[in-house]
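This report concerns only the one structure given below.
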Amino acid sequence: MRRICIFGATGRTGKHLVNVVAERGMTPVCLVRKESKEKPVHKSAVLVEGSPLVYDDVKRALTDCDAVLVALNVARKSDWPWAKLVSPPDLLEVSMTNIVKAMGETGAKRIITVSAWGVGDSYAEANGIFRFLINKTNVGTAYAGHEQQEKVLKESNLDWTAVRPVGLTNNTKHCPTRVSQNGSTKLKMSISRMDVAIFMLDILDNVKYYKTTPSISND
C-alpha cells in the first residue's frame with residue numbers, strides 16, 4: 001500500500017487531502033503538532049508528532065513514504081485580510097527546504113504543493129481584487145511564502161508540481177475543475193478546498209504536470 005506524507009493535514013485543505021488519499025486506498029502519513037487540538041479524523045491516518053520547521057521531524061514523517069502532498073500556509077487569526085499573523089512569516093520557505101532535503105535522503109521523488117493564483121508569472125492573470133490583497137494586506141505575506149517555496153522546488157531535482165488555486169471555498173459538492181497552464185485558460189474566481197485536494201490526487205502520477213505550476217478554478 002502506498003504511503004503518502006501530508007504536511008498541513010489539520011488545515012482546511014489538508015483534511016480533504018487526508019480523506020481523498022485514504023479513499024483511494026493509500027495510507028496518509030500526517031505530521032501534526034503535539035499541541036494541536038485538531039487531528040486528521042480518518043481512521044487510517046498515521047500520525048507523526050512534530051513540526052515542519054524541524055528537519056528531524058520532517059525526515060521521520062517521510063520515512064517509507066512514496067510521495068508528498070503539502071497544504072501548509074501562513075495562518076492569520078481570522079480570514080480578515082488584515083488579521084494578525086499567527087504563523088512565522090518564513091514558515092513555507094523553511095518547511096519546503098526541510099521537505100526537499102529530507103526527500104533527497106529518504107528517496108521520495110514526487111511532491112505536490114498548494115501555492116496560490118497570483119504567485120509568480122500568474123500575477124499577470126490575477127484581477128484587481130487579488131492584486132490589492134497581495135500588495136496591501138497581510139495576505140501578501142503568504143504569497144511571499146508561496147513564491148519562496150516554489151523557488152525551493154524549482155531548484156530541486158524532484159518531480160514537483162505547485163498547484164495555484166484561485167479563491168478557496170468550503171463547498172463540499174464536487175464540481176469539475178478548470179486548469180490554466182501559463183494563462184492558457186480564463187479561470188473563474190473560486191474553487192472548493194475539496195476539489196483542490198481531488199485535483200492533487202488526480203495528477204499524482206501524471207507526468208504531464210511534473211515541474212509545472214497549473215492554476216485551477218471550478219468550472
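Note on naming: chains are A, B, ... as they come in the C-alpha cells, residues start from 1 per chain, ligands start from 1 in the order shown.
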
*Contact residues around range 147-153 of chain A with only C-alpha atoms at 12 Å, ignoring same-chain residues under 4 positions, as number ranges by chain*: A: 70-74, 89-101, 103, 109-123, 134, 140-143, 157-164, 210-213

Margin query: Write out as a ChimeraX atom specification the set of residues from range 22-218 of chain A that DSSP, computed on the backbone, places in strand (DSSP E or B).
Written below: /A:27-32,46-49,67-70,76,85,110-114,159-165,167-169,177-180,190-192,212,215-218

**Q.** Within 12 Å of range 9-11 of chain A using only C-alpha atoms, minus same-chain residues under 2 positions, as number ranges by chain
**A.** A: 4-7, 13-21, 28-34, 36-42, 45-49, 51-52, 68-75, 114, 170, 193-194, 197

Convert the current residue selection to file output with C-alpha atoms, as a short mmCIF file (atom, residue, chain, number, x, y, z; two decimals), in the first residue's frame.
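Saved to again.cif:
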```
data_model
loop_
_atom_site.label_atom_id
_atom_site.label_comp_id
_atom_site.auth_asym_id
_atom_site.auth_seq_id
_atom_site.Cartn_x
_atom_site.Cartn_y
_atom_site.Cartn_z
CA ILE A 4 1.59 9.49 1.13
CA CYS A 5 3.11 12.03 3.53
CA ILE A 6 0.87 15.06 4.11
CA PHE A 7 2.05 18.35 5.60
CA THR A 13 -7.45 21.81 2.61
CA GLY A 14 -5.24 19.25 4.33
CA LYS A 15 -8.21 17.48 5.91
CA HIS A 16 -9.61 16.85 2.45
CA LEU A 17 -6.24 15.54 1.29
CA VAL A 18 -6.23 13.02 4.12
CA ASN A 19 -9.70 11.80 3.20
CA VAL A 20 -9.05 11.57 -0.55
CA VAL A 21 -5.75 9.72 -0.04
CA PRO A 28 -2.00 9.12 4.72
CA VAL A 29 1.00 9.83 6.97
CA CYS A 30 0.42 13.17 8.70
CA LEU A 31 2.92 15.35 10.54
CA VAL A 32 0.95 17.08 13.31
CA ARG A 33 1.94 19.36 16.14
CA LYS A 34 1.83 17.73 19.56
CA SER A 36 -2.62 20.78 18.07
CA LYS A 37 -6.26 20.48 19.08
CA GLU A 38 -7.14 19.40 15.56
CA LYS A 39 -6.28 15.90 14.35
CA PRO A 40 -6.93 14.22 10.97
CA VAL A 41 -10.10 12.25 11.58
CA HIS A 42 -9.76 9.41 9.08
CA ALA A 45 -4.27 8.19 9.11
CA VAL A 46 -0.84 7.58 10.63
CA LEU A 47 0.05 10.48 12.91
CA VAL A 48 3.64 11.60 13.44
CA GLU A 49 4.08 14.34 16.04
CA SER A 51 6.80 20.42 13.20
CA PRO A 52 7.64 21.08 9.54
CA VAL A 68 4.43 14.11 -0.56
CA LEU A 69 1.46 16.49 -0.50
CA VAL A 70 1.85 19.92 1.09
CA ALA A 71 -1.04 22.13 2.19
CA LEU A 72 0.77 24.46 4.57
CA ASN A 73 0.06 28.19 4.70
CA VAL A 74 0.94 31.25 6.73
CA ALA A 75 -2.04 31.47 9.07
CA VAL A 114 -0.66 24.11 -2.72
CA ASN A 170 -15.63 25.26 1.80
CA ARG A 193 -10.79 23.08 -0.95
CA MET A 194 -12.20 19.62 -1.55
CA ALA A 197 -7.47 18.01 -2.90
#
```

Just checking: using only C-alpha atoms, which residue out of A:Asp205, A:Val54, A:Phe132, A:Gly25 ends up closest to Ala67 in chain A?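 Looking only at the distances to Ala67 in chain A, the closest residue turns out to be A:Asp205.
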
Surrounding residues of Ser192 in chain A excluding itself and chain neighbours under 5 positions, 8 Å, only C-alpha atoms, as a CSV table (one decimal) with N, CA and C atoms, in the first residue's frame:
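Below is the file that was written, selection.csv:
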```csv
chain,number,residue,atom,x,y,z
A,168,LEU,N,-10.4,30.2,-2.4
A,168,LEU,CA,-10.9,28.9,-1.8
A,168,LEU,C,-12.2,29.0,-1.1
A,169,THR,N,-13.0,28.0,-1.3
A,169,THR,CA,-14.3,27.9,-0.6
A,169,THR,C,-14.4,26.6,0.2
A,170,ASN,N,-15.4,26.5,1.0
A,170,ASN,CA,-15.6,25.3,1.8
A,170,ASN,C,-16.8,24.4,1.2
A,171,ASN,N,-17.1,24.6,0.0
A,171,ASN,CA,-18.2,23.9,-0.7
A,171,ASN,C,-17.8,22.4,-0.7
A,172,THR,N,-18.7,21.5,-0.4
A,172,THR,CA,-18.4,20.1,-0.3
A,172,THR,C,-19.1,19.3,-1.5
A,218,ASN,N,-12.9,26.2,-10.1
A,218,ASN,CA,-14.0,25.3,-10.5
A,218,ASN,C,-14.5,25.8,-11.9
```

Handout entry: All alpha helix (DSSP H) residues (DSSP, backbone) inside range 35-138 of chain A, as a ChimeraX atom specification
Key = /A:55-62,91-106,128-136

Just-selected residues, N, CA and C atoms written as a compact mmCIF listing (two decimals), in the first residue's frame:
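Everything below was put into out_31.txt:
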```
# COMPACT_ATOMS: atom_id res chain seq x y z
N TYR A 55 13.80 19.85 11.03
CA TYR A 55 14.21 18.90 10.00
C TYR A 55 14.07 17.45 10.43
N ASP A 56 14.49 17.11 11.63
CA ASP A 56 14.43 15.72 12.07
C ASP A 56 12.99 15.20 12.10
N ASP A 57 12.03 16.09 12.46
CA ASP A 57 10.62 15.69 12.46
C ASP A 57 10.14 15.41 11.04
N VAL A 58 10.55 16.25 10.11
CA VAL A 58 10.16 16.09 8.71
C VAL A 58 10.70 14.77 8.16
N LYS A 59 11.97 14.50 8.42
CA LYS A 59 12.58 13.27 7.91
C LYS A 59 11.91 12.04 8.52
N ARG A 60 11.56 12.12 9.79
CA ARG A 60 10.90 10.99 10.45
C ARG A 60 9.55 10.71 9.80
N ALA A 61 8.80 11.77 9.48
CA ALA A 61 7.49 11.60 8.85
C ALA A 61 7.61 11.02 7.45
N LEU A 62 8.68 11.38 6.74
CA LEU A 62 8.85 10.97 5.35
C LEU A 62 9.37 9.54 5.18
N LEU A 91 7.46 30.43 7.33
CA LEU A 91 7.01 29.05 7.51
C LEU A 91 7.14 28.22 6.23
N LEU A 92 6.68 28.76 5.12
CA LEU A 92 6.63 27.99 3.88
C LEU A 92 8.02 27.72 3.32
N GLU A 93 8.87 28.72 3.35
CA GLU A 93 10.22 28.54 2.82
C GLU A 93 11.02 27.53 3.66
N VAL A 94 10.98 27.69 4.99
CA VAL A 94 11.75 26.80 5.86
C VAL A 94 11.20 25.38 5.77
N SER A 95 9.89 25.24 5.79
CA SER A 95 9.28 23.91 5.72
C SER A 95 9.64 23.22 4.41
N MET A 96 9.52 23.93 3.29
CA MET A 96 9.82 23.31 2.00
C MET A 96 11.30 22.96 1.88
N THR A 97 12.16 23.79 2.43
CA THR A 97 13.59 23.47 2.43
C THR A 97 13.84 22.17 3.18
N ASN A 98 13.19 22.01 4.33
CA ASN A 98 13.32 20.77 5.11
C ASN A 98 12.77 19.57 4.34
N ILE A 99 11.62 19.76 3.70
CA ILE A 99 10.97 18.66 2.98
C ILE A 99 11.83 18.20 1.81
N VAL A 100 12.33 19.15 1.03
CA VAL A 100 13.15 18.81 -0.13
C VAL A 100 14.42 18.07 0.30
N LYS A 101 15.05 18.56 1.34
CA LYS A 101 16.26 17.90 1.84
C LYS A 101 15.96 16.48 2.32
N ALA A 102 14.86 16.33 3.08
CA ALA A 102 14.51 15.00 3.61
C ALA A 102 14.11 14.05 2.49
N MET A 103 13.44 14.55 1.46
CA MET A 103 13.09 13.69 0.32
C MET A 103 14.35 13.19 -0.37
N GLY A 104 15.38 14.03 -0.45
CA GLY A 104 16.63 13.60 -1.04
C GLY A 104 17.29 12.47 -0.27
N GLU A 105 17.03 12.43 1.03
CA GLU A 105 17.65 11.40 1.87
C GLU A 105 16.79 10.15 2.01
N THR A 106 15.47 10.29 1.86
CA THR A 106 14.59 9.14 2.05
C THR A 106 14.19 8.48 0.73
N GLY A 128 -7.87 42.79 -10.26
CA GLY A 128 -7.52 43.88 -9.36
C GLY A 128 -7.72 43.55 -7.89
N ILE A 129 -8.76 42.77 -7.58
CA ILE A 129 -9.04 42.41 -6.18
C ILE A 129 -7.90 41.56 -5.63
N PHE A 130 -7.49 40.55 -6.39
CA PHE A 130 -6.39 39.69 -5.93
C PHE A 130 -5.11 40.50 -5.77
N ARG A 131 -4.84 41.39 -6.72
CA ARG A 131 -3.61 42.18 -6.64
C ARG A 131 -3.63 43.11 -5.43
N PHE A 132 -4.79 43.68 -5.14
CA PHE A 132 -4.90 44.54 -3.95
C PHE A 132 -4.61 43.75 -2.68
N LEU A 133 -5.20 42.55 -2.58
CA LEU A 133 -4.97 41.72 -1.39
C LEU A 133 -3.50 41.34 -1.25
N ILE A 134 -2.86 41.03 -2.38
CA ILE A 134 -1.46 40.64 -2.35
C ILE A 134 -0.58 41.81 -1.91
N ASN A 135 -0.88 43.00 -2.43
CA ASN A 135 0.01 44.15 -2.24
C ASN A 135 -0.28 44.97 -0.99
N LYS A 136 -1.52 44.92 -0.48
CA LYS A 136 -1.90 45.87 0.55
C LYS A 136 -2.35 45.24 1.87
```

As a check of understanding: the span from CA of Lys186 in chain A to CA of Asn138 in chain A is 26.4 Å

For this session: Tell me which protein, DNA and RNA residues are within 10 Å of Met1 in chain A, counting only C-alpha atoms, leaving out same-chain ones fewer than 4 positions away, and put them as a list of chain:residue names.
Result: A:Gly25, A:Met26, A:Thr27, A:Asp66

Item checked: All residues 8 Å or closer to Gly167 in chain A, only C-alpha atoms, same chain fewer than 4 positions away omitted, as number ranges by chain -> A: 189-191

Check your understanding: When distances are computed from only C-alpha atoms, which of A:Ile198, A:Val179, A:Ile203, A:Val86 shows the smallest separation from Ile216 in chain A?
Key ->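 Of A:Ile198, A:Val179, A:Ile203, A:Val86, the one nearest Ile216 in chain A is A:Val179, counting only C-alpha atoms.
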
Closest of A:Glu23, A:Asp79, A:Asp64, A:Glu155 to Arg3 in chain A, counting only C-alpha atoms, is A:Asp64

Figure out the distance between CA of Ser217 in chain A and CA of Leu187 in chain A, please, to one decimal in Å.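 Distance reported for this atom pair: 5.8 Å.
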